[in-house]
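Undergrad: Just dropping this structure here.
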Amino acid sequence: MGERGVDRIYKCPECESRNIITDSKHAELYCADCGLVIAENIVDLGPEWRSYDEEQTAKRIRTGPPMTYRIPDKGLGTPAPELPARTKRLRWISIDSGDKTLVLALLEIDRMTDALKLPNNIKEETSVLYRKAMKHNLIKKGRSIEDLVSAMLYITCRQYEVPRTLKEIAEVSRSSLKKIRRAYIFLIRKLGIKLAPVNPARYIPRFCSKLGLSEEIRERAIEILRDDEGTGVAKGWEPTGTAAAAIYLATVLSGEKRKKTELELAKVAGVSVPTIRSRLKFLERQRGS
DNA sequence: CTTTAGACGAAGTATTA
DNA sequence: TAATAATTCGTCTAAAG
């Protein structure tokens with residue numbers, strides 16, 4: 001097994017893609033298209049994450065569906081573990097219903113995760129987060145469910161390092177970017193959630209996939225960011241811009257012919273051309289010296 | 001004609017007190 | 001909560017392919 005590569009034998013249980021990337025450097029397996037992390041043992045994601053060695057990982061992949069990362073919320077009804085996910089949720093609703101907003105929220109979570117092609121564990125965890133917010137009395141009359149649910153989805157994505165930007169979420173949300181951001185800050189504060197900065201490299205597989213770029217380009221782009229790590233470029237506020245710049249640089253450096261334009265990169269990454277350029281300058285300066 | 005490069009003000013954001 | 005500093009965006013101009 002290579003240090004990092006694609007094994008076509010595995011298929012993403014979520015989106016059917018065979019673009020499963022094996023990154024043994026970071027000890028993880030993830031889908032390049034939907035971002036589903038199939039297995040990993042990175043430590044700093046939170047207390048609920050456990051480590052698996054490679055043997056266990058392989059076994060799990062072969063036995064089919066990925067493990068579910070559901071953490072039962074002990075303060076609320078814990079469903080029978082053998083029930084499928086959808087049934088679980090329905091049953092939960094009937095347990096503590098009386099609150100119609102919960103039903104709406106869960107439906108909205110379903111709708112949005114489907115629209116964004118997000119893996120199931122994200123869907124589940126967002127539901128858990130919503131319940132947590134309920135428990136903390138954060139769901140009140142006057143607060144928009146749309147705002148909160150969208151913000152929660154973003155938070156879960158960040159926690160699980162599944163790359164979706166606030167902008168992308170806003171696009172499928174019934175709320176606006178501004179409102180979602182407000183709700184996001186609100187939730188972070190009230191629930192005391194700490195989020196690690198996004199690693200720009202997380203966006204690269206998906207962007208490359210969208211653009212139809214080769215594995216070689218993708219690896220190169222990731223490599224470029226790796227070299228750059230910790231210099232200040234990588235921890236910028238707009239990680240997508242950095243990711244786009246790295247991809248662009250990778251295409252220029254290797255595949256002279258079928259390169260993508262800055263504009264195409266900008267569109268996929270959801271940033272502007274000038275932003276990519278400014279990131280590019282930093283990256284080039286780093287490599288030059 | 002298309003793509004890339006640089007610069008400017010405007011606008012919105014994170015951080016700090 | 002308000003002010004400050006740093007960043008991004010859109011657009012314009014110009015050069016290069």
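To be explicit about the labels: the chains of the structure tokens are called A, B, and onward in the order shown, and within each one the residues are counted from 1, while ligands get numbers from 1 in the order they are shown.
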Contacts from chain A to chain C, 9 Å maximum, only C-alpha atoms (C1' of nucleotides): show me the residue list as a PyMOL selection string.
TA: chain A and resi 237-238+271-272+274-275
Undergrad: Please produce a file of the residues just selected, as a compact mmCIF listing (two decimals), in the first residue's frame, where the atoms kept are N, CA and C atoms.
TA:
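What ended up in part-v9.txt:
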```
# COMPACT_ATOMS: atom_id res chain seq x y z
N TRP A 237 -7.52 32.67 6.62
CA TRP A 237 -8.94 32.59 6.97
C TRP A 237 -9.79 31.95 5.89
N GLU A 238 -9.27 31.99 4.71
CA GLU A 238 -10.04 31.39 3.61
C GLU A 238 -9.28 30.20 3.07
N VAL A 271 -14.16 31.29 -4.28
CA VAL A 271 -13.43 32.51 -3.92
C VAL A 271 -13.18 33.31 -5.20
N SER A 272 -12.64 34.48 -5.04
CA SER A 272 -12.41 35.31 -6.22
C SER A 272 -11.02 35.06 -6.80
N PRO A 274 -8.69 37.31 -7.58
CA PRO A 274 -7.64 38.03 -6.86
C PRO A 274 -7.19 37.31 -5.60
N THR A 275 -8.12 36.69 -4.93
CA THR A 275 -7.76 35.95 -3.71
C THR A 275 -6.82 34.80 -4.03
```
Undergrad: Please check the contacts: residues of chain A at most 9 Å away from chain B, using only C-alpha atoms (C1' of nucleotides), listed as a list in words.
TA: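 Using only C-alpha atoms (C1' of nucleotides), chain A residues at most 9 Å from chain B: Thr261, Glu262 and Arg277 of chain A.
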Undergrad: Write down as an MDAnalysis selection string the residues of range 80-253 of chain A whose backbone DSSP state falls under helix (DSSP H, G or I).
TA: chainID A and resid 85:96 100:115 120:135 145:159 166:172 177:191 200:211 215:228 239:253
Undergrad: State, in Å with one decimal place, the distance from CA of Leu280 in chain A to CA of Ala250 in chain A.
TA: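 Value for the CA of Leu280 in chain A-CA of Ala250 in chain A distance: 10.9 Å.
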Undergrad: Between CA of Ile217 in chain A and CA of Ile247 in chain A, what is the distance, to one decimal in Å?
TA: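 Answer for the CA of Ile217 in chain A to CA of Ile247 in chain A separation: 7.1 Å.
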Undergrad: Quick one, how far is CA of Leu283 in chain A from CA of Ala246 in chain A?
TA: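 According to the coordinates, CA of Leu283 in chain A and CA of Ala246 in chain A are separated by 7.6 Å.
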Undergrad: Thr126 in chain A: which residues within 8 Å, counting only C-alpha atoms (C1' of nucleotides), same-chain residues fewer than 4 positions away excluded, as a PyMOL selection string?
TA: chain A and resi 109+122+130+149+152-153+156
Undergrad: List as a ChimeraX atom specification the protein and nucleic acid residues near Pro200 in chain A, meaning an atom at most 7 Å away when only C-alpha atoms (C1' of nucleotides) are counted, but skip any in the same chain fewer than 5 places from it.
TA: /A:234,239-240,242-243
